[in-house]
>>> print(open('coords39.tsv').read())   # TSV, C-alpha atoms
chain	number	residue	atom	x	y	z
A	1	MET	CA	46.26	-38.77	-40.51
A	2	LEU	CA	43.82	-37.95	-37.75
A	3	TRP	CA	44.90	-39.36	-34.40
A	4	GLN	CA	42.31	-39.67	-31.68
A	5	PHE	CA	42.43	-41.46	-28.37
A	6	SER	CA	39.81	-42.62	-25.96
A	7	GLY	CA	40.23	-42.79	-22.20
A	8	ASP	CA	39.71	-46.46	-21.49
A	9	ALA	CA	42.03	-48.55	-23.70
A	10	PRO	CA	45.84	-48.57	-23.57
A	11	ILE	CA	47.38	-45.98	-25.87
A	12	TYR	CA	49.64	-48.47	-27.65
A	13	SER	CA	46.67	-50.63	-28.68
A	14	GLN	CA	44.84	-47.57	-29.98
A	15	LEU	CA	47.96	-46.66	-31.96
A	16	ILE	CA	48.09	-50.17	-33.48
A	17	GLU	CA	44.46	-49.84	-34.52
A	18	GLN	CA	44.96	-46.43	-36.09
A	19	ILE	CA	48.11	-47.37	-37.97
A	20	LYS	CA	46.27	-50.45	-39.28
A	21	VAL	CA	43.49	-48.16	-40.52
A	22	GLY	CA	46.17	-46.02	-42.15
A	23	ILE	CA	47.60	-49.07	-43.90
A	24	VAL	CA	44.33	-50.58	-45.13
A	25	SER	CA	43.01	-47.21	-46.27
A	26	GLY	CA	46.17	-46.46	-48.23
A	27	VAL	CA	47.43	-43.51	-46.18
A	28	PHE	CA	50.48	-45.74	-45.77
A	29	PRO	CA	50.55	-47.63	-49.11
A	30	PRO	CA	52.01	-51.17	-49.49
A	31	GLY	CA	55.79	-51.22	-49.60
A	32	GLU	CA	56.10	-47.60	-48.56
A	33	ARG	CA	58.50	-46.40	-45.91
A	34	LEU	CA	56.90	-45.27	-42.67
A	35	PRO	CA	57.96	-42.02	-41.02
A	36	SER	CA	60.45	-42.40	-38.15
A	37	VAL	CA	59.25	-43.29	-34.67
A	38	ARG	CA	59.96	-39.77	-33.48
A	39	ASP	CA	58.07	-38.16	-36.39
A	40	LEU	CA	55.09	-40.48	-35.97
A	41	ALA	CA	55.09	-39.86	-32.21
A	42	THR	CA	55.24	-36.09	-32.72
A	43	GLU	CA	52.44	-36.22	-35.27
A	44	ALA	CA	50.23	-38.35	-33.01
A	45	GLY	CA	51.23	-36.38	-29.90
A	46	VAL	CA	52.24	-39.53	-28.04
A	47	ASN	CA	55.24	-40.83	-26.15
A	48	PRO	CA	57.95	-42.14	-28.51
A	49	ASN	CA	58.35	-45.36	-26.49
A	50	THR	CA	54.63	-46.04	-26.82
A	51	MET	CA	54.82	-45.51	-30.58
A	52	GLN	CA	57.84	-47.83	-30.71
A	53	ARG	CA	55.86	-50.51	-28.86
A	54	ALA	CA	52.93	-50.23	-31.29
A	55	LEU	CA	55.24	-50.55	-34.29
A	56	THR	CA	57.02	-53.54	-32.75
A	57	GLU	CA	53.68	-55.31	-32.37
A	58	LEU	CA	52.68	-54.49	-35.95
A	59	GLU	CA	56.02	-55.91	-37.00
A	60	ARG	CA	55.29	-59.11	-35.10
A	61	ASP	CA	51.97	-59.35	-36.95
A	62	GLY	CA	53.82	-58.87	-40.24
A	63	LEU	CA	51.97	-55.75	-41.37
A	64	VAL	CA	55.17	-53.74	-41.21
A	65	TYR	CA	58.78	-54.87	-41.46
A	66	SER	CA	62.02	-53.15	-40.66
A	67	GLN	CA	65.20	-53.03	-42.62
A	68	ARG	CA	68.20	-52.57	-40.46
A	69	THR	CA	69.32	-49.21	-41.72
A	70	ALA	CA	66.60	-48.00	-44.04
A	71	GLY	CA	63.75	-47.89	-41.54
A	72	ARG	CA	60.30	-49.43	-41.36
A	73	PHE	CA	58.11	-50.31	-44.31
A	74	VAL	CA	54.51	-51.34	-44.90
A	75	THR	CA	54.23	-54.95	-46.07
A	76	GLU	CA	53.92	-55.55	-49.82
A	77	ASP	CA	51.69	-58.56	-49.13
A	78	LYS	CA	48.33	-57.27	-50.38
A	79	ALA	CA	46.50	-60.39	-49.20
A	80	MET	CA	47.70	-59.71	-45.66
A	81	ILE	CA	46.48	-56.11	-45.87
A	82	GLU	CA	43.13	-57.37	-47.19
A	83	THR	CA	42.86	-59.78	-44.24
A	84	ALA	CA	43.60	-56.96	-41.79
A	85	LYS	CA	40.98	-54.80	-43.51
A	86	ARG	CA	38.41	-57.56	-43.23
A	87	ALA	CA	39.19	-58.05	-39.52
A	88	LEU	CA	38.74	-54.32	-38.86
A	89	ALA	CA	35.46	-54.35	-40.80
A	90	GLU	CA	34.17	-57.33	-38.85
A	91	ARG	CA	34.92	-55.59	-35.61
A	92	HIS	CA	32.89	-52.54	-36.72
A	93	ILE	CA	30.02	-54.77	-37.90
A	94	ASN	CA	29.90	-56.65	-34.62
A	95	ALA	CA	29.93	-53.45	-32.61
A	96	PHE	CA	27.08	-52.11	-34.77
A	97	LEU	CA	25.04	-55.31	-34.42
A	98	ASP	CA	25.54	-55.28	-30.65
A	99	ALA	CA	24.29	-51.70	-30.49
A	100	MET	CA	21.23	-52.53	-32.59
A	101	THR	CA	20.45	-55.56	-30.43
A	102	ARG	CA	20.59	-53.32	-27.36
A	103	LEU	CA	18.04	-51.06	-29.06
A	104	GLY	CA	15.81	-54.10	-29.47
A	105	TYR	CA	16.04	-54.71	-33.22
A	106	GLN	CA	15.93	-58.19	-34.74
A	107	ARG	CA	18.50	-59.16	-37.39
A	108	GLU	CA	15.87	-59.09	-40.17
A	109	GLU	CA	14.82	-55.56	-39.26
A	110	VAL	CA	18.41	-54.44	-39.18
A	111	ILE	CA	19.05	-55.85	-42.66
A	112	ASN	CA	15.94	-54.12	-44.03
A	113	MET	CA	16.88	-50.84	-42.45
A	114	LEU	CA	20.41	-51.07	-43.83
A	115	ARG	CA	19.11	-51.82	-47.32
A	116	GLN	CA	16.77	-48.84	-47.19
A	117	GLU	CA	19.49	-46.57	-45.91
A	118	ILE	CA	21.94	-47.62	-48.61
A	119	THR	CA	19.53	-47.47	-51.56
A	120	GLY	CA	17.98	-44.31	-50.18
A	121	GLY	CA	14.51	-45.65	-51.04
A	122	GLY	CA	12.25	-45.38	-48.00
A	123	ASN	CA	8.73	-46.82	-47.71
A	124	GLY	CA	7.40	-44.06	-45.54
A	125	ASP	CA	9.43	-44.96	-42.48
A	126	VAL	CA	11.22	-42.32	-40.51
A	127	SER	CA	14.66	-41.70	-42.00
A	128	LEU	CA	17.52	-43.23	-40.04
A	129	ALA	CA	19.79	-40.40	-40.96
A	130	VAL	CA	18.12	-38.11	-38.43
B	1	MET	CA	72.37	-46.07	-14.30
B	2	SER	CA	69.26	-44.26	-13.14
B	3	VAL	CA	69.06	-40.61	-14.07
B	4	LEU	CA	67.26	-39.75	-10.86
B	5	GLN	CA	67.16	-41.75	-7.67
B	6	CYS	CA	65.70	-40.89	-4.27
B	7	ASN	CA	66.38	-43.00	-1.20
B	8	GLY	CA	64.41	-42.18	1.94
B	9	LEU	CA	64.31	-38.57	0.81
B	10	THR	CA	62.76	-36.30	3.41
B	11	LYS	CA	62.42	-32.52	3.40
B	12	ARG	CA	60.97	-30.40	6.17
B	13	TYR	CA	60.44	-26.65	6.19
B	14	GLY	CA	61.01	-26.02	9.89
B	15	LYS	CA	58.62	-28.47	11.46
B	16	VAL	CA	56.39	-28.70	8.40
B	17	PRO	CA	57.08	-31.86	6.40
B	18	ALA	CA	57.07	-31.39	2.61
B	19	LEU	CA	58.43	-34.79	1.55
B	20	GLU	CA	58.57	-37.91	3.68
B	21	GLN	CA	60.62	-41.03	2.99
B	22	VAL	CA	60.42	-40.75	-0.79
B	23	ASN	CA	61.90	-43.64	-2.75
B	24	LEU	CA	61.82	-43.52	-6.50
B	25	THR	CA	63.93	-44.03	-9.61
B	26	VAL	CA	63.68	-42.55	-13.07
B	27	GLU	CA	65.46	-44.41	-15.87
B	28	PRO	CA	66.96	-42.87	-19.02
B	29	GLY	CA	64.65	-42.58	-22.02
B	30	ARG	CA	61.60	-42.06	-19.86
B	31	ILE	CA	59.11	-39.21	-19.85
B	32	VAL	CA	57.61	-39.19	-16.38
B	33	GLY	CA	54.64	-37.25	-15.05
B	34	LEU	CA	54.92	-36.04	-11.47
B	35	LEU	CA	51.27	-35.68	-10.61
B	36	GLY	CA	49.68	-34.44	-7.45
B	37	PRO	CA	47.38	-31.79	-6.07
B	38	ASN	CA	48.62	-28.38	-4.96
B	39	GLY	CA	50.92	-28.61	-1.97
B	40	SER	CA	51.72	-32.29	-2.52
B	41	GLY	CA	55.49	-31.77	-2.77
B	42	LYS	CA	56.06	-31.67	-6.55
B	43	THR	CA	58.00	-28.44	-6.61
B	44	THR	CA	59.96	-29.38	-3.47
B	45	LEU	CA	61.11	-32.60	-5.16
B	46	ILE	CA	62.15	-30.72	-8.29
B	47	LYS	CA	64.02	-28.09	-6.29
B	48	LEU	CA	65.86	-30.80	-4.37
B	49	ALA	CA	66.92	-32.38	-7.68
B	50	ASN	CA	68.25	-28.98	-8.72
B	51	GLY	CA	70.20	-28.40	-5.57
B	52	LEU	CA	68.06	-25.34	-4.81
B	53	LEU	CA	67.04	-27.12	-1.59
B	54	THR	CA	68.95	-29.65	0.48
B	55	PRO	CA	67.41	-32.81	1.96
B	56	SER	CA	66.59	-32.99	5.68
B	57	GLU	CA	67.17	-36.74	5.57
B	58	GLY	CA	67.93	-39.37	2.97
B	59	GLU	CA	69.55	-38.74	-0.40
B	60	LEU	CA	68.82	-37.75	-3.94
B	61	LEU	CA	71.19	-38.71	-6.77
B	62	ILE	CA	71.46	-37.41	-10.33
B	63	CYS	CA	73.25	-40.00	-12.48
B	64	GLY	CA	74.75	-41.35	-9.25
B	65	ALA	CA	75.95	-38.02	-7.83
B	66	ALA	CA	74.48	-35.72	-5.19
B	67	PRO	CA	73.27	-32.38	-6.60
B	68	GLY	CA	76.16	-29.98	-6.96
B	69	ARG	CA	78.20	-28.24	-9.58
B	70	ALA	CA	78.74	-31.44	-11.59
B	71	THR	CA	75.04	-32.27	-11.75
B	72	HIS	CA	74.05	-28.72	-12.78
B	73	ALA	CA	75.64	-29.54	-16.11
B	74	LEU	CA	73.37	-32.59	-16.43
B	75	VAL	CA	70.08	-31.02	-15.41
B	76	SER	CA	67.99	-28.64	-17.49
B	77	TYR	CA	65.35	-26.93	-15.39
B	78	LEU	CA	62.17	-25.09	-16.32
B	79	PRO	CA	60.96	-23.31	-13.21
B	80	GLU	CA	57.34	-22.80	-12.39
B	81	ARG	CA	57.61	-19.07	-12.98
B	82	THR	CA	59.32	-17.52	-15.96
B	83	CYS	CA	62.79	-16.50	-14.87
B	84	ILE	CA	64.48	-15.37	-18.06
B	85	PRO	CA	65.71	-11.75	-17.96
B	86	THR	CA	62.96	-9.69	-19.56
B	87	TRP	CA	65.22	-7.00	-20.98
B	88	MET	CA	66.98	-9.51	-23.24
B	89	SER	CA	66.13	-10.00	-26.89
B	90	ALA	CA	65.73	-13.48	-28.36
B	91	ARG	CA	69.28	-13.26	-29.74
B	92	GLN	CA	70.72	-12.18	-26.40
B	93	LEU	CA	68.92	-15.06	-24.77
B	94	LEU	CA	70.58	-17.47	-27.20
B	95	ASP	CA	73.98	-15.94	-26.37
B	96	PHE	CA	73.20	-16.17	-22.66
B	97	TYR	CA	72.30	-19.85	-22.79
B	98	GLY	CA	75.26	-20.57	-25.05
B	99	ASP	CA	77.62	-18.90	-22.56
B	100	PHE	CA	76.18	-20.72	-19.59
B	101	TYR	CA	75.76	-24.22	-20.95
B	102	PRO	CA	78.29	-26.02	-23.13
B	103	ASP	CA	75.55	-28.51	-24.12
B	104	PHE	CA	73.29	-25.77	-25.57
B	105	ARG	CA	72.33	-26.60	-29.16
B	106	ARG	CA	72.02	-23.12	-30.55
B	107	ASP	CA	71.04	-24.26	-34.04
B	108	ALA	CA	68.15	-26.31	-32.64
B	109	ALA	CA	66.93	-23.36	-30.59
B	110	GLU	CA	67.23	-20.98	-33.54
B	111	GLU	CA	65.21	-23.32	-35.73
B	112	MET	CA	62.44	-23.59	-33.15
B	113	LEU	CA	62.33	-19.80	-32.74
B	114	ARG	CA	62.18	-19.40	-36.52
B	115	HIS	CA	59.35	-21.90	-36.67
B	116	LEU	CA	57.38	-19.69	-34.26
B	117	ASP	CA	58.24	-16.54	-36.28
B	118	ILE	CA	59.94	-14.96	-33.27
B	119	PRO	CA	62.34	-12.32	-34.57
B	120	ASP	CA	65.87	-12.20	-33.11
B	121	THR	CA	65.37	-8.64	-31.97
B	122	LEU	CA	62.13	-9.18	-30.04
B	123	ARG	CA	62.65	-8.58	-26.33
B	124	VAL	CA	61.24	-10.91	-23.71
B	125	LYS	CA	59.21	-8.08	-22.19
B	126	GLN	CA	57.55	-7.51	-25.57
B	127	MET	CA	56.39	-11.14	-25.72
B	128	SER	CA	53.01	-12.40	-24.56
B	129	LYS	CA	52.83	-14.78	-21.61
B	130	GLY	CA	52.31	-17.77	-23.92
B	131	THR	CA	55.25	-16.77	-26.12
B	132	ARG	CA	57.52	-16.34	-23.08
B	133	GLU	CA	56.59	-19.83	-21.90
B	134	LYS	CA	57.33	-21.25	-25.34
B	135	VAL	CA	60.65	-19.40	-25.61
B	136	GLN	CA	61.78	-20.54	-22.18
B	137	LEU	CA	60.83	-24.14	-22.97
B	138	ILE	CA	62.78	-23.91	-26.24
B	139	MET	CA	65.87	-22.77	-24.28
B	140	VAL	CA	65.47	-25.57	-21.74
B	141	MET	CA	64.86	-28.32	-24.30
B	142	SER	CA	67.71	-27.12	-26.53
B	143	ARG	CA	70.23	-28.26	-23.97
B	144	GLN	CA	71.58	-31.77	-24.41
B	145	ALA	CA	70.95	-32.63	-20.77
B	146	ARG	CA	70.46	-35.99	-19.06
B	147	LEU	CA	67.54	-34.83	-16.96
B	148	TYR	CA	64.92	-32.25	-17.87
B	149	LEU	CA	62.87	-31.00	-14.94
B	150	LEU	CA	59.80	-29.16	-16.14
B	151	ASP	CA	57.77	-27.62	-13.34
B	152	GLU	CA	54.23	-26.93	-14.59
B	153	PRO	CA	55.23	-26.30	-18.21
B	154	ILE	CA	51.63	-26.14	-19.44
B	155	GLY	CA	49.95	-24.28	-16.57
B	156	GLY	CA	48.33	-21.01	-17.55
B	157	VAL	CA	48.69	-21.26	-21.33
B	158	ASP	CA	46.01	-21.82	-23.98
B	159	PRO	CA	45.35	-25.30	-25.47
B	160	ALA	CA	47.17	-24.58	-28.73
B	161	THR	CA	50.26	-23.47	-26.79
B	162	ARG	CA	49.95	-26.60	-24.65
B	163	ASP	CA	50.02	-28.74	-27.78
B	164	TYR	CA	53.06	-26.87	-29.03
B	165	ILE	CA	54.90	-27.35	-25.74
B	166	LEU	CA	54.10	-31.07	-25.61
B	167	SER	CA	55.11	-31.65	-29.21
B	168	THR	CA	58.37	-29.80	-28.54
B	169	ILE	CA	59.05	-32.20	-25.67
B	170	ILE	CA	58.35	-35.21	-27.91
B	171	SER	CA	60.38	-33.99	-30.87
B	172	ASN	CA	63.40	-33.34	-28.63
B	173	TYR	CA	63.18	-36.85	-27.18
B	174	ASN	CA	66.56	-38.37	-26.39
B	175	PRO	CA	66.73	-42.04	-25.33
B	176	GLU	CA	69.63	-41.25	-22.99
B	177	ALA	CA	67.81	-38.52	-21.11
B	178	ALA	CA	64.79	-38.49	-18.84
B	179	VAL	CA	62.09	-35.85	-18.64
B	180	VAL	CA	60.12	-35.18	-15.46
B	181	ILE	CA	57.00	-33.06	-15.95
B	182	SER	CA	55.11	-31.85	-12.92
B	183	THR	CA	51.51	-30.89	-13.54
B	184	HIS	CA	47.94	-31.32	-12.49
B	185	LEU	CA	46.63	-30.97	-16.07
B	186	ILE	CA	46.71	-34.72	-16.54
B	187	SER	CA	44.43	-35.30	-19.49
B	188	ASP	CA	46.65	-33.01	-21.56
B	189	VAL	CA	49.95	-34.74	-20.80
B	190	GLU	CA	48.82	-38.33	-20.40
B	191	LYS	CA	49.59	-39.46	-23.97
B	192	VAL	CA	53.08	-38.01	-23.78
B	193	LEU	CA	54.11	-39.90	-20.65
B	194	ASP	CA	55.69	-43.32	-20.15
B	195	GLU	CA	55.12	-43.37	-16.44
B	196	VAL	CA	53.31	-41.44	-13.79
B	197	ILE	CA	54.17	-40.81	-10.17
B	198	PHE	CA	51.26	-39.89	-7.92
B	199	ILE	CA	52.37	-37.79	-4.99
B	200	ASN	CA	50.22	-36.60	-2.10
B	201	ARG	CA	51.14	-34.87	1.17
B	202	GLY	CA	54.80	-35.51	0.50
B	203	GLN	CA	54.44	-39.23	-0.08
B	204	ILE	CA	54.59	-41.33	-3.23
B	205	MET	CA	51.26	-43.10	-3.67
B	206	LEU	CA	51.91	-44.84	-6.97
B	207	GLN	CA	54.50	-45.21	-9.71
B	208	SER	CA	53.23	-47.02	-12.79
B	209	SER	CA	53.25	-46.91	-16.58
B	210	VAL	CA	50.36	-45.13	-18.28
B	211	ASP	CA	49.35	-48.15	-20.35
B	212	GLU	CA	49.56	-50.45	-17.32
B	213	ILE	CA	47.02	-48.24	-15.56
B	214	ARG	CA	44.77	-48.22	-18.61
B	215	GLU	CA	45.12	-51.99	-19.06
B	216	GLU	CA	44.62	-52.97	-15.43
B	217	LYS	CA	42.07	-50.41	-14.30
B	218	GLY	CA	40.31	-49.83	-17.63
B	219	MET	CA	40.50	-46.10	-17.09
B	220	SER	CA	42.67	-43.20	-18.08
B	221	VAL	CA	45.29	-41.79	-15.70
B	222	ASP	CA	43.13	-38.68	-15.48
B	223	ALA	CA	40.13	-40.74	-14.31
B	224	LEU	CA	42.29	-42.66	-11.82
B	225	PHE	CA	43.74	-39.42	-10.47
B	226	ARG	CA	40.24	-38.03	-9.92
B	227	GLU	CA	39.32	-41.19	-8.07
B	228	VAL	CA	42.43	-41.31	-5.88
B	229	PHE	CA	42.39	-37.61	-5.03
B	230	LYS	CA	38.63	-37.20	-4.68
B	231	CYS	CA	37.89	-34.31	-2.32
>>> encode(input="coords39.tsv", output="structure tokens")
Amino acid sequence: MLWQFSGDAPIYSQLIEQIKVGIVSGVFPPGERLPSVRDLATEAGVNPNTMQRALTELERDGLVYSQRTAGRFVTEDKAMIETAKRALAERHINAFLDAMTRLGYQREEVINMLRQEITGGGNGDVSLAV
Amino acid sequence: MSVLQCNGLTKRYGKVPALEQVNLTVEPGRIVGLLGPNGSGKTTLIKLANGLLTPSEGELLICGAAPGRATHALVSYLPERTCIPTWMSARQLLDFYGDFYPDFRRDAAEEMLRHLDIPDTLRVKQMSKGTREKVQLIMVMSRQARLYLLDEPIGGVDPATRDYILSTIISNYNPEAAVVISTHLISDVEKVLDEVIFINRGQIMLQSSVDEIREEKGMSVDALFREVFKC
């Protein structure tokens, strides 16, 4: 997994986000055991207490659960993972729409541009990929 | 019990004050950054905790005791400058640490040396600066101490070596021990720290958790440091 951190948000909340991405993208599949706190912290290059805090919050949300001796596991509830995936997607969509609004595009234009970009069929407009 | 506690700690070199009325506590399980510009008192504080200096006023306690022979067994110290004997080979260094410190985990140190492909027979003087720093850190972190005092562990080494040093600190984490890292390379260590202590002209300006700073100020510790210590 690729761990990256920005300067403004708390590290634990960025860890929550990235572990969620790991879960919904199948890096950590449903029902699978997560690496130990220390191993995850070493891999991400973060403080073990911060990693612990992120995992505790994910546990509270139900995305991971712990078994007293065996460690922490990803939930087997696929509907819950799907909901988390949808929430992450919505956040990306909203951020994208906000950025497009700042550039001065109307919703209709945005939809047209997206359609063109996805189908690859342009009508002579400048490519967005540039 | 706190691993490190300072009450009204003051240190003067002749008439020159180096630390003034410092009050702070470091709890077990914490990795703490001691951050401040050059000449702020970081090294003085670390040397006081080691018993290499004695306070002018106030007190400093390691697990409740004043620095002395008993606390030397609890404190593992990485000095600012490499101090391991350069004529020794890696194996002799392991023997040396094993003889000196009953809490030295030789197997852990050997594994870390193996991981870096450092042969037993390689002498310290044959090692590059970066390798020497790594080897000394391995020795220091291989002790089962209660307090690790790391004075500028990442100064003067390349970014890959920095990453190695920081990941060695994380992977040797012990919830019963505290780690104090003094540095001014904040953006590199920020993610590894629980708390930071800002020190300037011998006085504590701030002690706070990293995520509290990010949450409350909306900026990284590095950005806050640049703001507080703007020249």
>>> closest_atom_pairs(input="coords39.tsv", of="chain B", to="chain A", cutoff="10 Å", atoms="all atoms listed in the file", output="JSON lines")
{"residue": "B:Gly29", "atom": "CA", "partner": "A:Asn49", "partner_atom": "CA", "distance": 8.2}
{"residue": "B:Arg30", "atom": "CA", "partner": "A:Asn49", "partner_atom": "CA", "distance": 8.1}
{"residue": "B:Ile31", "atom": "CA", "partner": "A:Asn47", "partner_atom": "CA", "distance": 7.6}
{"residue": "B:Asp163", "atom": "CA", "partner": "A:Gly45", "partner_atom": "CA", "distance": 8.0}
{"residue": "B:Tyr164", "atom": "CA", "partner": "A:Gly45", "partner_atom": "CA", "distance": 9.7}
{"residue": "B:Leu166", "atom": "CA", "partner": "A:Gly45", "partner_atom": "CA", "distance": 7.4}
{"residue": "B:Ser167", "atom": "CA", "partner": "A:Thr42", "partner_atom": "CA", "distance": 5.7}
{"residue": "B:Thr168", "atom": "CA", "partner": "A:Thr42", "partner_atom": "CA", "distance": 8.2}
{"residue": "B:Ile169", "atom": "CA", "partner": "A:Thr42", "partner_atom": "CA", "distance": 8.9}
{"residue": "B:Ile170", "atom": "CA", "partner": "A:Thr42", "partner_atom": "CA", "distance": 5.8}
{"residue": "B:Ser171", "atom": "CA", "partner": "A:Thr42", "partner_atom": "CA", "distance": 5.9}
{"residue": "B:Asn172", "atom": "CA", "partner": "A:Arg38", "partner_atom": "CA", "distance": 8.8}
{"residue": "B:Tyr173", "atom": "CA", "partner": "A:Pro48", "partner_atom": "CA", "distance": 7.6}
{"residue": "B:Asn174", "atom": "CA", "partner": "A:Pro48", "partner_atom": "CA", "distance": 9.6}
{"residue": "B:Pro175", "atom": "CA", "partner": "A:Asn49", "partner_atom": "CA", "distance": 9.1}
{"residue": "B:Ser187", "atom": "CA", "partner": "A:Gly7", "partner_atom": "CA", "distance": 9.0}
{"residue": "B:Val189", "atom": "CA", "partner": "A:Val46", "partner_atom": "CA", "distance": 9.0}
{"residue": "B:Glu190", "atom": "CA", "partner": "A:Val46", "partner_atom": "CA", "distance": 8.5}
{"residue": "B:Lys191", "atom": "CA", "partner": "A:Val46", "partner_atom": "CA", "distance": 4.9}
{"residue": "B:Val192", "atom": "CA", "partner": "A:Asn47", "partner_atom": "CA", "distance": 4.3}
{"residue": "B:Leu193", "atom": "CA", "partner": "A:Asn47", "partner_atom": "CA", "distance": 5.7}
{"residue": "B:Asp194", "atom": "CA", "partner": "A:Asn47", "partner_atom": "CA", "distance": 6.5}
{"residue": "B:Val210", "atom": "CA", "partner": "A:Pro10", "partner_atom": "CA", "distance": 7.8}
{"residue": "B:Asp211", "atom": "CA", "partner": "A:Pro10", "partner_atom": "CA", "distance": 4.8}
{"residue": "B:Glu212", "atom": "CA", "partner": "A:Pro10", "partner_atom": "CA", "distance": 7.5}
{"residue": "B:Ile213", "atom": "CA", "partner": "A:Pro10", "partner_atom": "CA", "distance": 8.1}
{"residue": "B:Arg214", "atom": "CA", "partner": "A:Pro10", "partner_atom": "CA", "distance": 5.1}
{"residue": "B:Glu215", "atom": "CA", "partner": "A:Pro10", "partner_atom": "CA", "distance": 5.7}
{"residue": "B:Glu216", "atom": "CA", "partner": "A:Pro10", "partner_atom": "CA", "distance": 9.3}
{"residue": "B:Lys217", "atom": "CA", "partner": "A:Asp8", "partner_atom": "CA", "distance": 8.5}
{"residue": "B:Gly218", "atom": "CA", "partner": "A:Asp8", "partner_atom": "CA", "distance": 5.2}
{"residue": "B:Met219", "atom": "CA", "partner": "A:Asp8", "partner_atom": "CA", "distance": 4.5}
{"residue": "B:Ser220", "atom": "CA", "partner": "A:Gly7", "partner_atom": "CA", "distance": 4.8}
{"residue": "B:Val221", "atom": "CA", "partner": "A:Gly7", "partner_atom": "CA", "distance": 8.3}
{"residue": "B:Asp222", "atom": "CA", "partner": "A:Gly7", "partner_atom": "CA", "distance": 8.4}
{"residue": "B:Ala223", "atom": "CA", "partner": "A:Gly7", "partner_atom": "CA", "distance": 8.2}
>>> atom_distance(input="coords39.tsv", atom1="atom CA of B:Met205", atom2="atom CA of B:Gly36")
9.6 Å
>>> residues_around(input="coords39.tsv", residues="B:Ile165", least_positions_apart="6", cutoff="12 Å", atoms="all atoms listed in the file", output="ChimeraX atom specification")
/A:42,45 /B:112,116,130-141,150,152-155,157-159,171-172,181,188-189,192
>>> atom_distance(input="coords39.tsv", atom1="atom CA of A:Val24", atom2="atom CA of A:Arg53")
19.9 Å
>>> residues_around(input="coords39.tsv", residues="B:His72", least_positions_apart="3", cutoff="10 Å", atoms="only C-alpha atoms", output="PyMOL selection string")
chain B and resi 49-51+62+67-69+75-77+101+145+147
>>> closest_residue(input="coords39.tsv", among="A:Val37, A:Ala54, A:Leu103, A:Leu63", to="A:Ala79", atoms="only C-alpha atoms")
A:Leu63
>>> atom_distance(input="coords39.tsv", atom1="atom CA of A:Ile16", atom2="atom CA of A:Gln67")
19.6 Å
>>> residues_around(input="coords39.tsv", residues="A:Glu82", least_positions_apart="6", cutoff="12 Å", atoms="all atoms listed in the file", output="NGL selection string")
:A and (20-21 or 23-26 or 30 or 63 or 75-76 or 88-89)
